Structure formats: structure tokens, C-alpha cells
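Undergrad: Attaching a single structure in C-alpha cells format; questions to follow.
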Amino acid sequence: MTGRSRDIQTLLEERLSQIQAISAANSEHMRLNQIASGMMILDQKDEIDGAEPDLRSPERDANAAALERCMTRIETLERGLAQLDRDIEAFRKRDDE
């Protein structure tokens, strides 16, 4: 726990907020994956057309970095959710005693 006393209502509200943040981060990750997929299709078209390769390298690099940051955020949020679940379980066990 964070050192402050929280009731079950607060814990559940925090859990809902955490789930919403994870959902938003997953949506962003999906959007970035769609951009990466679009770039791959354009690369294939360029290859067929005989165009110069790696014209989108800066955009590809920026998107790859954004994907990595997004995944790190998702992992952090999921660890926070797991901690909240442990806090809720501990609260429930205390309440049962």
C-alpha cells in the first residue's frame, strides 16, 4: 500500500481508473501498429515500383520508438493494476477477519 489508508471504494475507483488508462494505452499501441503496417505496405509498393528504399526511415524510427514507449507504459500500468489487485485482496482478507 502507499502508506495512506484507503477504503475499498477508493481502491475500486483507482482500479477502474487504472483499467481505463490501460485501455487508452492499448488503443494507442494499436494505432501505432497500424501506422507501422501501413509503412510496410508502402515499402512493398516501393519495392514493386522500383523506388528508392528507406524513404520513410525517420518516420519508421519515430513510430518504432513510440511503440516501445507505449509498451513500456502498458507494462507499468499493468504492474500498477496488479498491485491494486493485491491491495484489494488484502483489504478483503482483513475485512473477512
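Each chain in the C-alpha cells gets a letter, A, B and so on, in the order shown; residues start at 1 in every chain, and ligands are counted from 1 in the order they appear.
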So that I can check the surroundings of segment 85-92 of chain A, please list as a PyMOL selection string every protein, DNA and RNA residue that reaches within 8 Å of it, counting only C-alpha atoms and ignoring chain neighbours fewer than 2 positions away.

TA: chain A and resi 1+8+11-12+15+81-83+94-96

Undergrad: Any chance you can output those residues with C-alpha atoms as a PDB file, in the first residue's frame?

TA:
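Contents of result-v9.pdb, freshly written:
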ATOM      1  CA  MET A   1       0.000   0.000   0.000  1.00  0.00           C
ATOM      2  CA  ILE A   8     -12.471  -0.385  -0.628  1.00  0.00           C
ATOM      3  CA  LEU A  11      -9.320   1.108  -4.188  1.00  0.00           C
ATOM      4  CA  LEU A  12     -12.029   0.144  -6.667  1.00  0.00           C
ATOM      5  CA  ARG A  15      -8.653   0.158 -10.205  1.00  0.00           C
ATOM      6  CA  LEU A  81      -3.095  -2.790 -11.638  1.00  0.00           C
ATOM      7  CA  ALA A  82      -1.582  -5.966 -10.207  1.00  0.00           C
ATOM      8  CA  GLN A  83      -0.563  -4.024  -7.081  1.00  0.00           C
ATOM      9  CA  ARG A  94      -8.725  -8.009   6.626  1.00  0.00           C
ATOM     10  CA  ASP A  95     -12.447  -7.358   6.280  1.00  0.00           C
ATOM     11  CA  ASP A  96     -13.229 -11.086   6.488  1.00  0.00           C
TER      12      ASP A  96
END

Undergrad: Run DSSP on the backbone and grab whatever in chain A lands in alpha helix (DSSP H); send it over as JSON, numbers by chain.

TA: {"A": [8, 9, 10, 11, 12, 13, 14, 15, 16, 17, 18, 19, 20, 21, 22, 23, 24, 25, 26, 27, 28, 29, 30, 31, 32, 33, 34, 35, 36, 37, 38, 39, 40, 41, 42, 43, 44, 45, 46, 47, 48, 49, 57, 58, 59, 60, 61, 62, 63, 64, 65, 66, 67, 68, 69, 70, 71, 72, 73, 74, 75, 76, 77, 78, 79, 80, 81, 82, 83, 84, 85, 86, 87, 88, 89, 90, 91, 92, 93, 94, 95, 96]}

Undergrad: Which one of A:Gln20, A:Gln9, A:Ser57, A:Asn63 sits closest to Glu78 of chain A if you count only C-alpha atoms?

TA: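 Checking each candidate against Glu78 of chain A, we get A:Gln20 as the closest.
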
Undergrad: List as a list of chain:residue names the protein and nucleic acid residues near Glu68 of chain A, meaning an atom at most 12 Å away when only C-alpha atoms are counted, but skip any in the same chain fewer than 3 places from it.

TA: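 Here the answer would be A:Ala25, A:Glu28, A:His29, A:Leu32, A:Asn33, A:Asp61, A:Ala62, A:Asn63, A:Ala64, A:Ala65, A:Met71, A:Thr72, A:Arg73, A:Ile74, A:Glu75.
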
Undergrad: Restricting the output to C-alpha atoms, write the selected residues as a PDB file, in the first residue's frame.

TA:
ATOM      1  CA  ALA A  25      -2.602   2.895 -23.906  1.00  0.00           C
ATOM      2  CA  GLU A  28      -2.601   3.999 -28.836  1.00  0.00           C
ATOM      3  CA  HIS A  29      -0.436   0.911 -29.296  1.00  0.00           C
ATOM      4  CA  LEU A  32       0.923   2.886 -33.832  1.00  0.00           C
ATOM      5  CA  ASN A  33       0.898  -0.719 -35.074  1.00  0.00           C
ATOM      6  CA  ASP A  61      12.169   5.108 -36.465  1.00  0.00           C
ATOM      7  CA  ALA A  62       9.901   7.607 -34.696  1.00  0.00           C
ATOM      8  CA  ASN A  63       6.979   5.183 -34.841  1.00  0.00           C
ATOM      9  CA  ALA A  64       9.115   2.308 -33.545  1.00  0.00           C
ATOM     10  CA  ALA A  65      10.279   4.483 -30.631  1.00  0.00           C
ATOM     11  CA  MET A  71       4.573  -0.805 -24.498  1.00  0.00           C
ATOM     12  CA  THR A  72       6.658   0.353 -21.524  1.00  0.00           C
ATOM     13  CA  ARG A  73       3.696   2.439 -20.353  1.00  0.00           C
ATOM     14  CA  ILE A  74       1.322  -0.517 -20.721  1.00  0.00           C
ATOM     15  CA  GLU A  75       3.667  -2.737 -18.705  1.00  0.00           C
TER      16      GLU A  75
END

Undergrad: Can you tell me how far atom CA of Ile22 of chain A sits from atom CA of Gly38 of chain A, in Å to one decimal?

TA: 24.2 Å
